[in-house]
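Here is the structure we will look at.
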Amino acid sequence: MKREETVDYHIKSAWHAISRMYNQQAAQEDFTTSIGFVLININSKEGTPATKIAPLMGLEARSLTRMLKSMEEKGLIFKKPDPIDKRSVRIFLTEEGKRKKEISVKTIKTFNLLVREHVSEDELDAFFTVFQKISHVIDKINSETLNPNTYDKKVYEL
C-alpha cells in the first residue's frame with residue numbers, strides 16, 4: 001500500500017497543513033496554535049478547573065502543566081483556588097488571554113467558513129460520517145489492546 005492510499009497519511013498531512021496555517025496566524029500575535037487551543041478551552045467568565053483542560057484537549061496532564069506555566073509567565077492566564085474545592089485550582093484568562101482567545105476563535109471560524117464555501121453540505125456530512133467511523137475503529141483497536149483477553153478460543157494447549 002502506498003502512503004497516499006492510507007487514511008492516516010491524509011489525516012496527518014491535512015492536520016499539519018491546518019496547524020501550519022493556524023501557527024502562521026498565531027505567530028503574528030506572538031502565540032502558537034497549542035496556546036490558542038488551551039485558551040479556547042478556558043471559560044472566559046468562570047475559569048476552568050486545571051484538571052479539566054487536558055482531557056478536553058486530549059493531552060497528558062504533564063504536557064499541559066508546562067504549557068500553563070509558560071502561559072502564566074506570558075500573562076495570558078492566572079490561577080486561583082477553586083472556591084468550592086480548595087484542593088483544586090481554576091485557570092482564568094487575563095485580558096490579554098481573552099484577546100488571544102478571540103483571535104483563535106475568529107481564525108477557526110474563518111477557516112471553517114472558507115471550507116464551507118468550497119465543500120458542499122453533503123460532502124461535509126459524508127466527511128463527518130467517515131471520521132466518526134474512523135474514530136470507532138480506533139476505539140475498537142484501543143479497547144482490544146487494553147483488554148487482550150477478550151479472545152476466548154484456546155490457541156495453545158498447555
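Ordering of the C-alpha cells sets the chain letters (A, B, ...); residue numbers start at 1 within each chain; ligands are numbered from 1 in the order shown.
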Could I get the residues of region 62-83 of chain A with an atom no further than 8 Å from an atom of region 92-112 of chain A, each paired with its nearest atom pair and that distance in Å to one decimal, using only C-alpha atoms, sorted by chain and residue number, as JSON lines?
{"residue": "A:Gly75", "atom": "CA", "partner": "A:Thr94", "partner_atom": "CA", "distance": 6.8}
{"residue": "A:Leu76", "atom": "CA", "partner": "A:Gly97", "partner_atom": "CA", "distance": 4.0}
{"residue": "A:Ile77", "atom": "CA", "partner": "A:Leu93", "partner_atom": "CA", "distance": 4.4}
{"residue": "A:Phe78", "atom": "CA", "partner": "A:Phe92", "partner_atom": "CA", "distance": 5.4}
{"residue": "A:Lys79", "atom": "CA", "partner": "A:Phe92", "partner_atom": "CA", "distance": 6.2}
{"residue": "A:Lys80", "atom": "CA", "partner": "A:Phe92", "partner_atom": "CA", "distance": 7.6}
For N, CA, C and O atoms, I'd like the residues from the last selection saved as a PDB file, in the first residue's frame.
ATOM      1  N   GLY A  75       1.586  36.110  30.761  1.00  0.00           N
ATOM      2  CA  GLY A  75       0.480  36.977  31.160  1.00  0.00           C
ATOM      3  C   GLY A  75      -0.837  36.679  30.474  1.00  0.00           C
ATOM      4  O   GLY A  75      -1.687  37.554  30.354  1.00  0.00           O
ATOM      5  N   LEU A  76      -1.035  35.425  30.050  1.00  0.00           N
ATOM      6  CA  LEU A  76      -2.283  35.038  29.370  1.00  0.00           C
ATOM      7  C   LEU A  76      -3.307  34.454  30.337  1.00  0.00           C
ATOM      8  O   LEU A  76      -4.507  34.510  30.073  1.00  0.00           O
ATOM      9  N   ILE A  77      -2.820  33.865  31.422  1.00  0.00           N
ATOM     10  CA  ILE A  77      -3.695  33.221  32.405  1.00  0.00           C
ATOM     11  C   ILE A  77      -3.220  33.540  33.818  1.00  0.00           C
ATOM     12  O   ILE A  77      -2.086  33.982  34.014  1.00  0.00           O
ATOM     13  N   PHE A  78      -4.098  33.279  34.774  1.00  0.00           N
ATOM     14  CA  PHE A  78      -3.697  33.282  36.176  1.00  0.00           C
ATOM     15  C   PHE A  78      -4.482  32.190  36.882  1.00  0.00           C
ATOM     16  O   PHE A  78      -5.506  31.717  36.380  1.00  0.00           O
ATOM     17  N   LYS A  79      -3.964  31.748  38.032  1.00  0.00           N
ATOM     18  CA  LYS A  79      -4.582  30.651  38.783  1.00  0.00           C
ATOM     19  C   LYS A  79      -5.162  31.177  40.082  1.00  0.00           C
ATOM     20  O   LYS A  79      -4.592  32.070  40.704  1.00  0.00           O
ATOM     21  N   LYS A  80      -6.306  30.585  40.460  1.00  0.00           N
ATOM     22  CA  LYS A  80      -6.934  30.898  41.750  1.00  0.00           C
ATOM     23  C   LYS A  80      -7.444  29.601  42.347  1.00  0.00           C
ATOM     24  O   LYS A  80      -7.889  28.722  41.605  1.00  0.00           O
TER      25      LYS A  80
END
Where does region 3-109 of chain A meet region 134-140 of chain A within 12 Å, residue by residue, with the nearest atom pair and distance in Å to one decimal for each, counting only C-alpha atoms, listed by chain and rising number, as JSON lines?
{"residue": "A:Val7", "atom": "CA", "partner": "A:Ile134", "partner_atom": "CA", "distance": 8.9}
{"residue": "A:Asp8", "atom": "CA", "partner": "A:Ile134", "partner_atom": "CA", "distance": 9.9}
{"residue": "A:Ile11", "atom": "CA", "partner": "A:Ile134", "partner_atom": "CA", "distance": 10.6}
Selection file, N, CA and C atoms, as a compact mmCIF listing (two decimals), in the first residue's frame:
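Writing the result to out37.txt gives the following:
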# COMPACT_ATOMS: atom_id res chain seq x y z
N VAL A 7 -5.24 6.02 5.06
CA VAL A 7 -6.10 7.01 5.71
C VAL A 7 -5.27 7.95 6.57
N ASP A 8 -4.37 7.37 7.36
CA ASP A 8 -3.59 8.19 8.28
C ASP A 8 -2.70 9.21 7.57
N ILE A 11 -5.00 12.20 6.82
CA ILE A 11 -5.37 12.91 8.06
C ILE A 11 -4.17 13.70 8.56
(message) Using DSSP assignments from the backbone, pull out every residue in chain A that falls under helix (DSSP H, G or I) and give it to me as a ChimeraX atom specification.
(response) /A:3-5,7-27,33-40,50-57,61-73,95-118,121-146,148-150
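In this model, the gap between CA of Glu46 (chain A) and CA of Ala61 (chain A) comes to 20.9 Å.
Here CA of Thr48 (chain A) stands at a distance of 18.4 Å from CA of Lys74 (chain A).
Atom to atom, CA of Leu56 (chain A) and CA of Asn41 (chain A) stand 7.1 Å apart.
Comparing the minimum interatomic distances between Ser88 (chain A) and each of A:Val115, A:Ala50, A:Asp125, A:Thr6, counting only C-alpha atoms, we find that A:Ala50 sits nearest.
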(request) as a PyMOL selection string, list the residues of region 18-84 of chain A assigned to strand (DSSP E) by DSSP on the backbone atoms of this structure. (result) chain A and resi 48-49+77-81
Just-selected residues, C-alpha atoms written as a short mmCIF file (atom, residue, chain, number, x, y, z; two decimals), in the first residue's frame:
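Writing the result to part-v1.cif gives the following:
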data_model
loop_
_atom_site.label_atom_id
_atom_site.label_comp_id
_atom_site.auth_asym_id
_atom_site.auth_seq_id
_atom_site.Cartn_x
_atom_site.Cartn_y
_atom_site.Cartn_z
CA THR A 48 -11.87 26.25 34.23
CA PRO A 49 -10.50 23.67 36.69
CA ILE A 77 -3.69 33.22 32.40
CA PHE A 78 -3.70 33.28 36.18
CA LYS A 79 -4.58 30.65 38.78
CA LYS A 80 -6.93 30.90 41.75
CA PRO A 81 -8.01 28.30 44.29
#
(request) Check the smallest atom-to-atom distance from each of A:Thr145, A:Ser13, A:Thr51, A:Ser70 to Ile35 (chain A) using only C-alpha atoms, then report the winner. (result) A:Ser70
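The smallest atom-to-atom distance between Phe31 (chain A) and any of A:Ile141, A:Val119, A:Met71, A:Leu114, using only C-alpha atoms, is found for A:Met71.
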(message) Need the shell around Val38 (chain A): protein/DNA/RNA residues with any atom at most 9 Å away, counting only C-alpha atoms. Skip same-chain ones fewer than 5 positions apart. Format as a ChimeraX atom specification?
(response) /A:33,53-54,57,64,67-68,101
(request) Return the single residue from A:Gln132, A:Ser120, A:Asn142, A:Ser34 that is closest to Tyr22 (chain A), with distances computed using only C-alpha atoms. (result) A:Ser34
